[in-house]
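Trainee: For reference, the file upload-v2.cif (mmCIF, C-alpha atoms and all ligand atoms) is included below:
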```cif
data_coords
#
loop_
_atom_site.label_atom_id
_atom_site.label_comp_id
_atom_site.auth_asym_id
_atom_site.auth_seq_id
_atom_site.Cartn_x
_atom_site.Cartn_y
_atom_site.Cartn_z
CA MET I 1 -18.27 -15.83 -29.84
CA SER I 2 -15.25 -15.34 -32.09
CA ARG I 3 -14.70 -11.84 -30.78
CA TYR I 4 -14.38 -13.18 -27.21
CA TRP I 5 -12.12 -15.95 -28.37
CA ARG I 6 -9.86 -13.41 -30.07
CA ALA I 7 -9.68 -11.34 -26.88
CA ALA I 8 -8.90 -14.47 -24.85
CA ARG I 9 -6.20 -15.47 -27.34
CA ILE I 10 -4.58 -12.04 -27.16
CA MET I 11 -4.60 -12.25 -23.38
CA ILE I 12 -3.07 -15.74 -23.37
CA THR I 13 -0.39 -14.64 -25.84
CA CYS I 14 0.44 -11.61 -23.67
CA ALA I 15 0.63 -13.84 -20.61
CA VAL I 16 3.01 -16.31 -22.29
CA LEU I 17 5.12 -13.44 -23.61
CA PHE I 18 5.32 -11.76 -20.23
CA ALA I 19 6.06 -15.05 -18.48
CA THR I 20 8.92 -15.66 -20.94
CA ILE I 21 10.37 -12.19 -20.46
CA GLY I 22 9.91 -12.69 -16.72
CA ALA I 23 11.89 -15.92 -16.85
CA LEU I 24 14.68 -14.08 -18.69
CA ALA I 25 14.93 -11.46 -15.95
CA GLN I 26 18.41 -10.82 -14.62
CA PRO I 27 19.08 -12.50 -11.28
CA ALA I 28 19.41 -10.00 -8.43
CA PRO I 29 22.97 -8.89 -7.68
CA GLU I 30 24.16 -10.53 -4.45
CA ILE I 31 24.50 -8.06 -1.60
CA PRO I 32 27.63 -8.88 0.44
CA ASP I 33 27.42 -9.80 4.13
CA ILE I 34 25.94 -6.68 5.66
CA THR I 35 26.14 -7.98 9.22
CA LYS I 36 29.87 -7.23 9.26
CA ILE I 37 30.05 -3.67 10.55
CA PRO I 38 32.19 -1.64 8.11
CA ALA I 39 35.38 -0.12 9.58
CA ALA I 40 34.12 3.48 9.56
CA ALA I 41 30.97 2.42 11.45
CA GLN I 42 32.91 0.61 14.22
CA PRO I 43 32.96 2.40 17.58
CA SER I 44 36.06 4.54 17.97
CA ASP I 45 37.02 7.93 19.39
CA HIS I 46 36.96 9.39 15.88
CA PHE I 47 33.55 7.92 15.03
CA ASP I 48 31.78 10.16 12.51
CA ALA I 49 28.09 9.63 11.62
CA ASN I 50 28.53 10.87 8.04
CA ALA I 51 31.50 8.61 7.36
CA ALA I 52 29.71 5.66 8.98
CA THR I 53 26.66 6.28 6.77
CA GLU I 54 28.80 6.41 3.63
CA ALA I 55 30.57 3.21 4.67
CA TYR I 56 27.24 1.39 4.96
CA LEU I 57 26.04 2.75 1.61
CA ALA I 58 29.30 1.61 0.01
CA LEU I 59 28.37 -2.00 0.85
CA ILE I 60 25.70 -1.87 -1.87
CA PRO I 61 27.15 -3.00 -5.23
CA ALA I 62 26.77 -0.44 -8.04
CA SER I 63 24.70 -2.85 -10.14
CA ALA I 64 22.22 -3.32 -7.27
CA LYS I 65 21.89 0.44 -6.90
CA VAL I 66 21.20 0.94 -10.64
CA ARG I 67 18.57 -1.76 -10.49
CA SER I 68 16.70 -0.55 -7.41
CA ASP I 69 16.82 3.09 -8.57
CA ALA I 70 15.31 2.07 -11.92
CA TYR I 71 12.62 0.03 -10.18
CA PHE I 72 11.72 2.79 -7.76
CA GLU I 73 11.76 5.59 -10.35
CA GLY I 74 9.55 3.44 -12.58
CA GLY I 75 7.13 3.50 -9.66
CA TYR I 76 6.89 7.32 -9.92
CA TRP I 77 5.68 6.98 -13.50
CA LEU I 78 3.22 4.29 -12.49
CA ILE I 79 1.51 6.78 -10.16
CA LEU I 80 0.87 8.88 -13.28
CA TRP I 81 -0.07 5.96 -15.56
CA ASP I 82 -2.44 4.48 -12.98
CA PHE I 83 -4.12 7.85 -12.68
CA LEU I 84 -4.37 8.40 -16.45
CA VAL I 85 -5.56 4.89 -17.29
CA GLY I 86 -8.17 5.11 -14.51
CA ALA I 87 -9.34 8.49 -15.84
CA ILE I 88 -9.60 7.18 -19.42
CA ILE I 89 -11.61 4.14 -18.27
CA SER I 90 -14.03 6.40 -16.35
CA LEU I 91 -14.46 8.70 -19.36
CA LEU I 92 -15.07 5.71 -21.66
CA LEU I 93 -17.74 4.34 -19.33
CA LEU I 94 -19.50 7.71 -19.22
CA ASN I 95 -19.17 8.79 -22.85
CA LEU I 96 -19.83 5.44 -24.56
CA GLY I 97 -22.99 4.94 -22.48
CA TRP I 98 -21.66 1.78 -20.77
CA SER I 99 -22.36 3.12 -17.31
CA LEU I 100 -25.91 3.91 -18.36
CA ALA I 101 -26.33 0.42 -19.89
CA MET I 102 -25.15 -1.23 -16.64
CA ARG I 103 -27.61 0.86 -14.63
CA ASN I 104 -30.48 0.02 -17.01
CA PHE I 105 -29.60 -3.67 -16.86
CA ALA I 106 -29.62 -3.60 -13.04
CA GLU I 107 -33.04 -1.90 -13.09
CA ARG I 108 -34.46 -4.55 -15.43
CA ILE I 109 -33.27 -7.38 -13.19
CA THR I 110 -34.46 -6.12 -9.81
CA LYS I 111 -36.79 -3.52 -8.29
CA GLY I 112 -35.07 -2.72 -4.99
CA LYS I 113 -32.80 0.35 -5.10
CA ASN I 114 -30.10 -1.24 -2.92
CA ARG I 115 -30.07 -4.41 -5.00
CA GLN I 116 -29.83 -2.30 -8.17
CA THR I 117 -26.84 -0.46 -6.70
CA PHE I 118 -25.13 -3.73 -5.80
CA LEU I 119 -25.77 -5.22 -9.23
CA TYR I 120 -24.38 -2.08 -10.84
CA TRP I 121 -21.29 -2.36 -8.61
CA VAL I 122 -20.68 -5.97 -9.67
CA GLN I 123 -20.78 -5.04 -13.37
CA TYR I 124 -18.70 -1.91 -12.78
CA LEU I 125 -15.93 -3.68 -10.86
CA VAL I 126 -15.69 -6.60 -13.29
CA LEU I 127 -15.63 -4.33 -16.36
CA THR I 128 -13.05 -1.88 -14.94
CA SER I 129 -10.90 -4.81 -13.74
CA VAL I 130 -10.89 -6.26 -17.26
CA LEU I 131 -10.11 -2.88 -18.88
CA GLY I 132 -7.34 -2.17 -16.37
CA PHE I 133 -5.92 -5.69 -16.57
CA PRO I 134 -2.99 -5.06 -18.97
CA LEU I 135 -1.58 -2.31 -16.75
CA ALA I 136 -2.26 -4.34 -13.59
CA MET I 137 -0.46 -7.31 -15.13
CA TYR I 138 2.55 -5.20 -16.09
CA GLU I 139 2.66 -3.56 -12.68
CA GLY I 140 1.93 -6.55 -10.48
CA PHE I 141 3.47 -9.43 -12.38
CA PHE I 142 5.82 -8.61 -15.25
CA ARG I 143 7.61 -5.69 -13.55
CA GLU I 144 8.04 -7.65 -10.31
CA TRP I 145 9.70 -10.48 -12.24
CA LYS I 146 11.86 -8.15 -14.29
CA TYR I 147 13.33 -6.47 -11.22
CA GLY I 148 13.51 -9.51 -9.02
CA PRO I 149 11.22 -9.52 -5.99
CA ALA I 150 8.52 -11.79 -7.53
CA THR I 151 8.24 -15.45 -6.53
CA GLN I 152 4.81 -16.32 -7.98
CA THR I 153 3.95 -18.16 -11.17
CA PHE I 154 1.46 -16.42 -13.44
CA ALA I 155 -1.29 -18.84 -12.39
CA ALA I 156 -0.71 -18.18 -8.68
CA TRP I 157 -0.62 -14.43 -9.28
CA MET I 158 -3.82 -14.65 -11.31
CA TRP I 159 -5.54 -16.62 -8.54
CA ASP I 160 -4.61 -13.86 -6.05
CA GLN I 161 -6.17 -11.34 -8.45
CA VAL I 162 -9.39 -13.38 -8.59
CA LYS I 163 -9.51 -13.52 -4.79
CA GLY I 164 -8.85 -9.76 -4.64
CA LEU I 165 -11.73 -9.22 -7.03
CA GLY I 166 -13.96 -11.30 -4.76
CA VAL I 167 -13.02 -9.21 -1.72
CA GLY I 168 -13.60 -6.05 -3.77
CA LEU I 169 -17.02 -7.25 -4.90
CA LEU I 170 -18.11 -7.90 -1.32
CA MET I 171 -16.42 -5.09 0.65
CA GLY I 172 -16.72 -2.47 -2.11
CA GLY I 173 -20.29 -3.59 -2.72
CA ILE I 174 -21.27 -3.05 0.92
CA LEU I 175 -19.67 0.42 0.96
CA THR I 176 -21.22 1.47 -2.36
CA VAL I 177 -24.72 0.33 -1.34
CA LEU I 178 -24.42 2.15 2.01
CA LEU I 179 -23.17 5.38 0.42
CA PHE I 180 -25.85 5.50 -2.28
CA TRP I 181 -28.45 4.78 0.40
CA VAL I 182 -27.20 7.83 2.35
CA VAL I 183 -27.22 10.00 -0.79
CA ARG I 184 -30.82 9.06 -1.63
CA ARG I 185 -32.01 9.54 1.97
CA LEU I 186 -30.22 12.83 2.67
CA PRO I 187 -29.95 14.66 -0.66
CA ARG I 188 -28.66 17.89 0.94
CA THR I 189 -26.38 16.69 3.75
CA TRP I 190 -25.18 13.38 2.21
CA TRP I 191 -21.61 14.61 1.99
CA ILE I 192 -21.36 14.91 5.80
CA TRP I 193 -23.09 11.60 6.59
CA GLY I 194 -21.34 9.89 3.69
CA ALA I 195 -18.01 10.91 5.21
CA VAL I 196 -19.09 9.54 8.60
CA MET I 197 -20.21 6.31 6.95
CA ALA I 198 -16.91 5.96 5.04
CA MET I 199 -15.02 6.57 8.28
CA VAL I 200 -16.95 3.89 10.19
CA PHE I 201 -16.39 1.52 7.27
CA ALA I 202 -12.62 2.22 7.31
CA ILE I 203 -12.43 1.41 11.04
CA PHE I 204 -14.40 -1.79 10.42
CA ALA I 205 -12.07 -2.80 7.54
CA ILE I 206 -8.94 -2.11 9.64
CA MET I 207 -10.42 -4.16 12.48
CA ILE I 208 -11.28 -7.24 10.45
CA GLY I 209 -8.26 -6.96 8.10
CA PRO I 210 -5.64 -9.03 9.90
CA VAL I 211 -8.07 -11.67 11.10
CA PHE I 212 -10.42 -12.11 8.12
CA LEU I 213 -8.87 -10.51 5.01
CA GLN I 214 -5.14 -11.31 5.28
CA PRO I 215 -5.67 -15.09 5.62
CA ILE I 216 -7.44 -15.09 2.24
CA PHE I 217 -4.08 -14.42 0.58
CA ASN I 218 -1.48 -15.67 3.05
CA LYS I 219 -1.03 -18.03 5.95
CA VAL I 220 -0.58 -16.24 9.27
CA THR I 221 0.77 -18.33 12.12
CA ARG I 222 2.01 -17.78 15.65
CA LEU I 223 5.80 -17.56 15.53
CA ASP I 224 7.33 -20.29 17.65
CA ASP I 225 11.07 -19.61 17.82
CA PRO I 226 12.15 -18.40 21.28
CA ARG I 227 15.51 -17.21 19.88
CA VAL I 228 13.54 -14.58 17.93
CA THR I 229 10.40 -14.11 20.04
CA GLN I 230 12.16 -13.71 23.42
CA PRO I 231 14.04 -10.47 22.61
CA ILE I 232 10.95 -9.10 20.83
CA LEU I 233 8.58 -9.83 23.71
CA LYS I 234 11.16 -8.45 26.17
CA MET I 235 11.18 -5.22 24.18
CA ALA I 236 7.37 -5.24 24.05
CA ARG I 237 7.04 -5.62 27.85
CA ALA I 238 9.67 -2.93 28.42
CA ASN I 239 7.57 -0.51 26.37
CA GLY I 240 4.16 -1.28 27.84
CA ILE I 241 2.84 -3.36 24.93
CA PRO I 242 0.44 -6.08 26.07
CA ALA I 243 1.61 -8.55 23.41
CA SER I 244 2.10 -12.19 24.26
CA ASP I 245 2.65 -13.40 20.70
CA VAL I 246 4.46 -12.47 17.56
CA TRP I 247 2.89 -13.52 14.26
CA GLU I 248 4.51 -14.72 11.07
CA ILE I 249 3.12 -14.36 7.56
CA ASP I 250 4.30 -16.41 4.55
CA ALA I 251 4.93 -13.42 2.28
CA SER I 252 7.51 -15.49 0.37
CA ARG I 253 4.53 -16.91 -1.55
CA GLN I 254 4.43 -13.63 -3.47
CA THR I 255 7.74 -11.82 -3.00
CA THR I 256 11.26 -11.79 -1.56
CA ARG I 257 10.66 -8.41 0.14
CA MET I 258 11.18 -8.20 3.87
CA SER I 259 8.56 -6.49 5.98
CA ALA I 260 6.74 -6.35 9.25
CA ASN I 261 3.69 -4.47 10.40
CA VAL I 262 1.38 -3.58 13.21
CA SER I 263 -2.19 -4.09 12.06
CA GLY I 264 -5.69 -4.16 13.43
CA PHE I 265 -7.33 -2.27 16.19
CA GLY I 266 -8.29 -3.07 19.78
CA LYS I 267 -8.62 -6.83 20.15
CA THR I 268 -7.37 -7.62 16.65
CA LEU I 269 -4.17 -5.59 17.01
CA ARG I 270 -1.09 -7.68 16.33
CA ILE I 271 2.58 -7.48 15.45
CA THR I 272 3.42 -9.52 12.38
CA MET I 273 6.71 -10.14 10.61
CA ASN I 274 7.10 -11.83 7.30
CA ASP I 275 9.07 -15.00 6.68
CA ASN I 276 11.54 -13.21 4.36
CA LEU I 277 12.67 -11.05 7.29
CA LEU I 278 12.97 -14.14 9.50
CA ARG I 279 15.00 -16.01 6.89
CA ARG I 280 17.26 -13.20 5.71
CA GLY I 281 17.56 -10.78 8.63
CA SER I 282 20.10 -10.99 11.46
CA LEU I 283 18.75 -10.88 15.01
CA GLU I 284 19.87 -7.25 15.44
CA GLU I 285 18.06 -6.33 12.22
CA ILE I 286 14.89 -8.12 13.34
CA GLU I 287 15.05 -6.29 16.70
CA ALA I 288 15.50 -2.90 15.02
CA ILE I 289 12.53 -3.54 12.71
CA MET I 290 10.28 -4.86 15.48
CA GLY I 291 11.23 -1.85 17.63
CA HIS I 292 10.06 0.32 14.74
CA GLU I 293 6.75 -1.56 14.54
CA MET I 294 6.26 -1.20 18.29
CA GLY I 295 6.81 2.52 17.80
CA HIS I 296 3.73 2.62 15.59
CA TYR I 297 1.78 1.03 18.43
CA VAL I 298 3.15 3.06 21.37
CA LEU I 299 2.88 6.34 19.45
CA ASN I 300 -0.76 5.54 18.57
CA HIS I 301 -0.20 5.81 14.85
CA ILE I 302 -3.34 3.91 13.85
CA PRO I 303 -5.76 6.17 15.81
CA LYS I 304 -3.82 9.26 14.68
CA SER I 305 -3.96 8.13 11.06
CA LEU I 306 -7.69 7.63 11.42
CA LEU I 307 -8.08 11.20 12.69
CA PHE I 308 -6.03 12.43 9.76
CA PHE I 309 -8.13 10.25 7.47
CA LEU I 310 -11.27 11.85 8.92
CA VAL I 311 -10.06 15.30 7.82
CA VAL I 312 -9.17 13.95 4.36
CA ILE I 313 -12.45 12.10 3.95
CA VAL I 314 -14.61 15.08 4.98
CA SER I 315 -12.62 17.25 2.54
CA VAL I 316 -13.03 14.75 -0.28
CA PHE I 317 -16.79 14.47 0.31
CA ALA I 318 -17.21 18.27 0.41
CA TYR I 319 -15.22 18.50 -2.82
CA LEU I 320 -17.33 15.69 -4.36
CA LYS I 321 -20.56 17.48 -3.44
CA TRP I 322 -19.40 20.59 -5.23
CA SER I 323 -17.69 18.95 -8.22
CA LEU I 324 -20.48 16.42 -8.85
CA ASP I 325 -23.12 19.17 -8.90
CA TRP I 326 -20.98 21.17 -11.30
CA SER I 327 -20.22 18.24 -13.65
CA LEU I 328 -23.79 16.95 -13.71
CA ARG I 329 -25.14 20.41 -14.59
CA ARG I 330 -22.83 20.41 -17.61
CA TRP I 331 -22.81 16.81 -18.80
CA GLY I 332 -25.43 14.95 -16.73
CA ALA I 333 -28.02 14.90 -19.53
CA LYS I 334 -25.47 13.82 -22.12
CA TRP I 335 -24.32 10.89 -19.94
CA GLY I 336 -27.93 10.01 -19.02
CA ILE I 337 -27.27 10.34 -15.28
CA ARG I 338 -30.45 11.36 -13.41
CA ASP I 339 -28.89 12.70 -10.22
CA ILE I 340 -26.23 11.97 -7.59
CA GLY I 341 -28.32 9.08 -6.22
CA ASP I 342 -28.15 7.29 -9.59
CA PRO I 343 -25.53 4.48 -9.54
CA ALA I 344 -24.57 5.39 -13.15
CA VAL I 345 -22.73 8.36 -11.61
CA LEU I 346 -20.08 6.05 -10.10
CA PRO I 347 -17.40 6.41 -12.85
CA LEU I 348 -17.67 10.19 -12.41
CA VAL I 349 -17.25 9.86 -8.62
CA VAL I 350 -14.20 7.66 -9.15
CA LEU I 351 -12.75 10.09 -11.72
CA LEU I 352 -13.21 13.16 -9.50
CA GLY I 353 -11.94 11.28 -6.44
CA SER I 354 -8.82 10.09 -8.29
CA ILE I 355 -8.00 13.69 -9.33
CA PHE I 356 -8.26 14.74 -5.67
CA PHE I 357 -6.02 11.96 -4.38
CA PHE I 358 -3.54 12.32 -7.26
CA ILE I 359 -3.01 15.98 -6.34
CA LEU I 360 -2.86 15.05 -2.66
CA THR I 361 -0.04 12.49 -3.21
CA PRO I 362 2.70 14.62 -1.55
CA VAL I 363 0.46 15.43 1.43
CA LEU I 364 -0.47 11.79 2.05
CA ASN I 365 3.14 10.64 1.57
CA THR I 366 4.40 13.28 3.97
CA GLU I 367 1.87 12.33 6.64
CA ILE I 368 2.89 8.66 6.42
CA ARG I 369 6.62 9.43 6.14
CA SER I 370 6.51 11.60 9.27
CA GLN I 371 5.05 8.71 11.26
CA GLU I 372 7.63 6.35 9.81
CA ALA I 373 10.42 8.69 10.94
CA GLU I 374 8.90 8.76 14.44
CA ALA I 375 8.72 4.96 14.49
CA ASP I 376 12.38 4.83 13.39
CA SER I 377 13.43 7.01 16.34
CA PHE I 378 11.37 4.90 18.71
CA GLY I 379 12.73 1.69 17.21
CA ILE I 380 16.40 2.63 17.66
CA ASN I 381 15.76 3.77 21.23
CA ALA I 382 13.85 0.61 22.10
CA SER I 383 16.13 -1.90 20.36
CA ARG I 384 19.47 -0.04 20.69
CA GLN I 385 20.44 -1.64 17.39
CA PRO I 386 21.62 1.16 15.08
CA ASP I 387 23.58 -1.35 12.99
CA GLY I 388 20.49 -3.55 12.72
CA MET I 389 18.63 -0.47 11.50
CA ALA I 390 21.32 0.16 8.87
CA GLN I 391 21.09 -3.46 7.72
CA ALA I 392 17.32 -3.12 7.42
CA ALA I 393 17.68 0.06 5.33
CA ILE I 394 20.05 -1.76 2.98
CA HIS I 395 17.70 -4.73 2.63
CA LEU I 396 14.75 -2.41 1.97
CA GLY I 397 16.98 -0.61 -0.55
CA GLU I 398 16.70 -3.65 -2.81
CA TYR I 399 13.50 -2.07 -4.13
CA ARG I 400 13.74 1.51 -2.93
CA LYS I 401 15.97 4.37 -3.99
CA MET I 402 18.55 4.92 -1.24
CA ARG I 403 19.52 8.51 -1.93
CA PRO I 404 16.83 10.69 -3.52
CA GLY I 405 16.92 14.46 -3.77
CA PRO I 406 15.11 16.37 -0.99
CA ILE I 407 12.10 17.35 -3.15
CA GLU I 408 11.88 13.84 -4.60
CA GLU I 409 11.78 12.45 -1.05
CA PHE I 410 9.19 14.99 0.08
CA VAL I 411 6.81 14.37 -2.80
CA LEU I 412 7.21 10.68 -3.57
CA PHE I 413 8.53 8.82 -0.50
CA ASP I 414 6.17 7.28 2.03
CA HIS I 415 9.15 6.23 4.20
CA PRO I 416 12.34 8.14 4.99
CA SER I 417 14.98 7.32 2.36
CA GLY I 418 17.56 4.63 3.09
CA TYR I 419 20.24 7.30 3.39
CA ASN I 420 18.28 9.22 6.02
CA ARG I 421 17.46 6.07 7.97
CA ILE I 422 21.09 4.94 8.13
CA HIS I 423 22.21 8.47 8.94
CA LYS I 424 19.74 8.71 11.82
CA ALA I 425 20.94 5.34 13.14
CA MET I 426 24.59 6.40 12.92
CA GLN I 427 23.85 9.68 14.68
CA TRP I 428 22.24 7.69 17.47
CA LYS I 429 25.28 5.43 17.58
CA ALA I 430 27.60 8.43 17.73
CA GLU I 431 25.74 9.67 20.83
CA ASN I 432 25.72 6.23 22.49
CA LEU I 433 29.16 4.88 21.67
CA GLN I 434 29.66 3.67 25.25
CA LEU I 435 27.03 0.96 24.59
CA PHE I 436 29.26 -0.52 21.93
CA THR I 437 32.72 -0.10 23.40
CA GLY I 438 31.71 -1.37 26.83
CA GLN I 439 33.24 1.74 28.49
CA GLN I 440 31.52 3.18 31.51
CA GLN I 441 31.07 6.91 31.58
ZN ZN G 501 6.60 1.67 9.72
#
```
Could I get this file's structure written as structure tokens?
Ligand SMILES: [Zn+2]

Mentor:
Amino acid sequence: MSRYWRAARIMITCAVLFATIGALAQPAPEIPDITKIPAAAQPSDHFDANAATEAYLALIPASAKVRSDAYFEGGYWLILWDFLVGAIISLLLLNLGWSLAMRNFAERITKGKNRQTFLYWVQYLVLTSVLGFPLAMYEGFFREWKYGPATQTFAAWMWDQVKGLGVGLLMGGILTVLLFWVVRRLPRTWWIWGAVMAMVFAIFAIMIGPVFLQPIFNKVTRLDDPRVTQPILKMARANGIPASDVWEIDASRQTTRMSANVSGFGKTLRITMNDNLLRRGSLEEIEAIMGHEMGHYVLNHIPKSLLFFLVVIVSVFAYLKWSLDWSLRRWGAKWGIRDIGDPAVLPLVVLLGSIFFFILTPVLNTEIRSQEAEADSFGINASRQPDGMAQAAIHLGEYRKMRPGPIEEFVLFDHPSGYNRIHKAMQWKAENLQLFTGQQQ
């Protein structure tokens, strides 16, 4: 027992330490009133998109820029650390025989193959969550407090983690059982049918997400403020969106970040904005952001992403088929893994999959970023609020780097940079100055 107690004590000490450091975090630098359009961005006959962009960027205090750059660049390293820590955990599970022990335990408890797979999954997820906890705590709690956007106490954050684990046990468990069932049934063609199965599961998860998964963590309510909903619903009707409601989510429980999204599929599709955006954003900013979200809907980004995902998932399964065969021929006996249908192979699957997705990072980011740029264009056209768009980019810049290099943006950004978003908005404004000066052409 004393060993467990020691581990618990270390964890409690870490938590107290992190909470203390969190409490000592520097308060965020106040961003001045960004709803006042800077002089160079005012409509005039010498309006210049570059100068207007610079004028907006100059509204951000230097200390705020240093802080958000450091936060965002730290995120680059976390991509690497997450990958490495995950790889080390997988290798430990394989080489120390823990994966084998979990499989053997599951086989002692129950006879059914599917039940064995599920029982293995439960042990696997709990053990890897515990091993990955220090990094998860740094990433999700301590770092968020240090740089500002966090609003949760450690206990509340921890409770969200427990709920997340519960969702993972159930949803991940269903997927794992289904996939191993396919592998055992179709030993030669499992990689094709496994990909199909994963695809169907992804559609199912996207469908139930906003209605069944989101409410586990946050309260989602119908927004009832005509001052805000009227212009949004007007814009929706003008663009052929059959929405009669706008939804609000209480994201301020976890963070000060502003966001909005279009989620779901078919009947569960909905436009949601978070309460931080409602509280902190001007009406023109809200309209620009909601126009962007409507762009995702009108441009069919969810179905297109699913098609893209289909290509990725078939590739990853083909690669898994090849790389699993190769690895098991070399080390299968040493790790005690019987074949690909043996649940003890899971850490190897996760390791190989994480290598694939780590290498694919720039491709996935570029696919998402391209859609985000399309939604930006749609959003400015629909809302005609280039200054609202610039305000949104500045607000989002509280935790994103505004002006990365071109390669940095290509590889690591899943949205266009703040600079590019403001510049696009100012270019639009330059071409539509008559809307702002009231002159008829
Ligand atoms: Zn978007």

Trainee: Which residues sit within 8 Å of ligand ZN 501 (chain G), counting all atoms listed in the file, listed as a PDB file with C-alpha atoms, in the frame of the given file?

Mentor:
```pdb
ATOM      1  CA  ASN I 261       3.690  -4.470  10.400  1.00  0.00           C
ATOM      2  CA  HIS I 292      10.060   0.320  14.740  1.00  0.00           C
ATOM      3  CA  GLU I 293       6.750  -1.560  14.540  1.00  0.00           C
ATOM      4  CA  HIS I 296       3.730   2.620  15.590  1.00  0.00           C
ATOM      5  CA  GLN I 371       5.050   8.710  11.260  1.00  0.00           C
ATOM      6  CA  GLU I 372       7.630   6.350   9.810  1.00  0.00           C
ATOM      7  CA  ALA I 375       8.720   4.960  14.490  1.00  0.00           C
ATOM      8  CA  ASP I 376      12.380   4.830  13.390  1.00  0.00           C
ATOM      9  CA  HIS I 415       9.150   6.230   4.200  1.00  0.00           C
TER      10      HIS I 415
END
```

Trainee: Figure out the distance between CA of Gly418 in chain I and CA of Ala393 in chain I, please, to one decimal in Å.

Mentor: 5.1 Å

Trainee: Using all atoms listed in the file, which of I:Met402, I:Val411, I:Met294, I:Leu84 sits nearest Ala58 in chain I?

Mentor: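 Going through I:Met402, I:Val411, I:Met294, I:Leu84 one by one, the smallest distance to Ala58 in chain I is for I:Met402.
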
Trainee: Ranking I:Ile241, I:Ala318, I:Ile249, I:Leu278 by minimum distance to Asn300 in chain I and counting only C-alpha atoms, which one comes first?

Mentor: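 Selected residue with least distance to Asn300 in chain I: I:Ile241.
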
Trainee: My list of candidates is I:Thr221, I:Asp414, I:Ala64, I:Arg108. Which is closest to Pro362 in chain I when distances are computed with only C-alpha atoms?

Mentor: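 Using only C-alpha atoms, the shortest distance to Pro362 in chain I belongs to I:Asp414.
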
Trainee: Of the residues I:Ser44, I:Ile34, I:Trp98, I:Val130, which is the one nearest to Leu57 in chain I, using all atoms listed in the file?

Mentor: I:Ile34

Trainee: If I take CA of Leu127 in chain I and CA of Leu175 in chain I, how far is one from the other in Å, to one decimal?

Mentor: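 Computed distance, CA of Leu127 in chain I to CA of Leu175 in chain I, equals 18.4 Å.
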
Trainee: (6.6, 18.6, 0.6) in this file's frame - what residues fall within 12 Å of it? Use all atoms listed in the file and give the answer as a PyMOL selection string.

Mentor: chain I and resi 360-367+369-370+405-414

Trainee: List the neighbours of Glu54 in chain I out to 10 Å using only C-alpha atoms; skip same-chain residues closer than 5 positions along the sequence, and give me the result as a PyMOL selection string.

Mentor: chain I and resi 38+40-41+49+59+419+422-423

Trainee: Write out as CSV a residue-level contact list of range 258-373 of chain I versus range 184-204 of chain I with cut-off 9 Å: for each qualifying residue the closest pair of atoms and the distance in Å to one decimal, counting all atoms listed in the file, rows sorted by chain and residue number upward.

Mentor:
```
residue,atom,partner,partner_atom,distance
I:Phe265,CA,I:Ile203,CA,8.1
I:Leu306,CA,I:Ile203,CA,7.8
I:Phe309,CA,I:Met199,CA,7.9
I:Leu310,CA,I:Met199,CA,6.5
I:Ile313,CA,I:Ala195,CA,5.8
I:Val314,CA,I:Ala195,CA,5.4
I:Ser315,CA,I:Ala195,CA,8.7
I:Val316,CA,I:Ala195,CA,8.3
I:Phe317,CA,I:Trp191,CA,5.1
I:Ala318,CA,I:Trp191,CA,5.9
I:Tyr319,CA,I:Trp191,CA,8.9
I:Leu320,CA,I:Trp191,CA,7.7
I:Lys321,CA,I:Trp191,CA,6.2
I:Ile340,CA,I:Arg184,CA,8.1
I:Gly341,CA,I:Arg184,CA,5.2
I:Asp342,CA,I:Arg184,CA,8.6
```

Trainee: May I ask which of the residues I:Arg384, I:Arg115, I:Arg329, I:Arg222 is the closest one to Met290 in chain I, counting all atoms listed in the file?

Mentor: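 Nearest candidate to Met290 in chain I out of I:Arg384, I:Arg115, I:Arg329, I:Arg222: I:Arg384.
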
Trainee: Give me the residues near Lys219 in chain I as a ChimeraX atom specification, where near means some atom within 9 Å (using all atoms listed in the file) and where sequence neighbours in that chain fewer than 2 positions away do not count.

Mentor: /I:214-217,221,248-251

Trainee: Can you list, as a PDB file with C-alpha atoms, in the coordinates of the input, every protein, DNA or RNA residue that comes within 10 Å of Gly388 in chain I when you count all atoms listed in the file, leaving out same-chain residues fewer than 3 positions away?

Mentor:
```pdb
ATOM      1  CA  ILE I  34      25.940  -6.680   5.660  1.00  0.00           C
ATOM      2  CA  THR I  35      26.140  -7.980   9.220  1.00  0.00           C
ATOM      3  CA  ILE I  37      30.050  -3.670  10.550  1.00  0.00           C
ATOM      4  CA  GLY I 281      17.560 -10.780   8.630  1.00  0.00           C
ATOM      5  CA  SER I 282      20.100 -10.990  11.460  1.00  0.00           C
ATOM      6  CA  LEU I 283      18.750 -10.880  15.010  1.00  0.00           C
ATOM      7  CA  GLU I 284      19.870  -7.250  15.440  1.00  0.00           C
ATOM      8  CA  GLU I 285      18.060  -6.330  12.220  1.00  0.00           C
ATOM      9  CA  ILE I 286      14.890  -8.120  13.340  1.00  0.00           C
ATOM     10  CA  GLU I 287      15.050  -6.290  16.700  1.00  0.00           C
ATOM     11  CA  ALA I 288      15.500  -2.900  15.020  1.00  0.00           C
ATOM     12  CA  ILE I 289      12.530  -3.540  12.710  1.00  0.00           C
ATOM     13  CA  ILE I 380      16.400   2.630  17.660  1.00  0.00           C
ATOM     14  CA  SER I 383      16.130  -1.900  20.360  1.00  0.00           C
ATOM     15  CA  ARG I 384      19.470  -0.040  20.690  1.00  0.00           C
ATOM     16  CA  GLN I 385      20.440  -1.640  17.390  1.00  0.00           C
ATOM     17  CA  GLN I 391      21.090  -3.460   7.720  1.00  0.00           C
ATOM     18  CA  ALA I 392      17.320  -3.120   7.420  1.00  0.00           C
ATOM     19  CA  ALA I 393      17.680   0.060   5.330  1.00  0.00           C
ATOM     20  CA  ILE I 394      20.050  -1.760   2.980  1.00  0.00           C
ATOM     21  CA  ILE I 422      21.090   4.940   8.130  1.00  0.00           C
ATOM     22  CA  ALA I 425      20.940   5.340  13.140  1.00  0.00           C
TER      23      ALA I 425
END
```
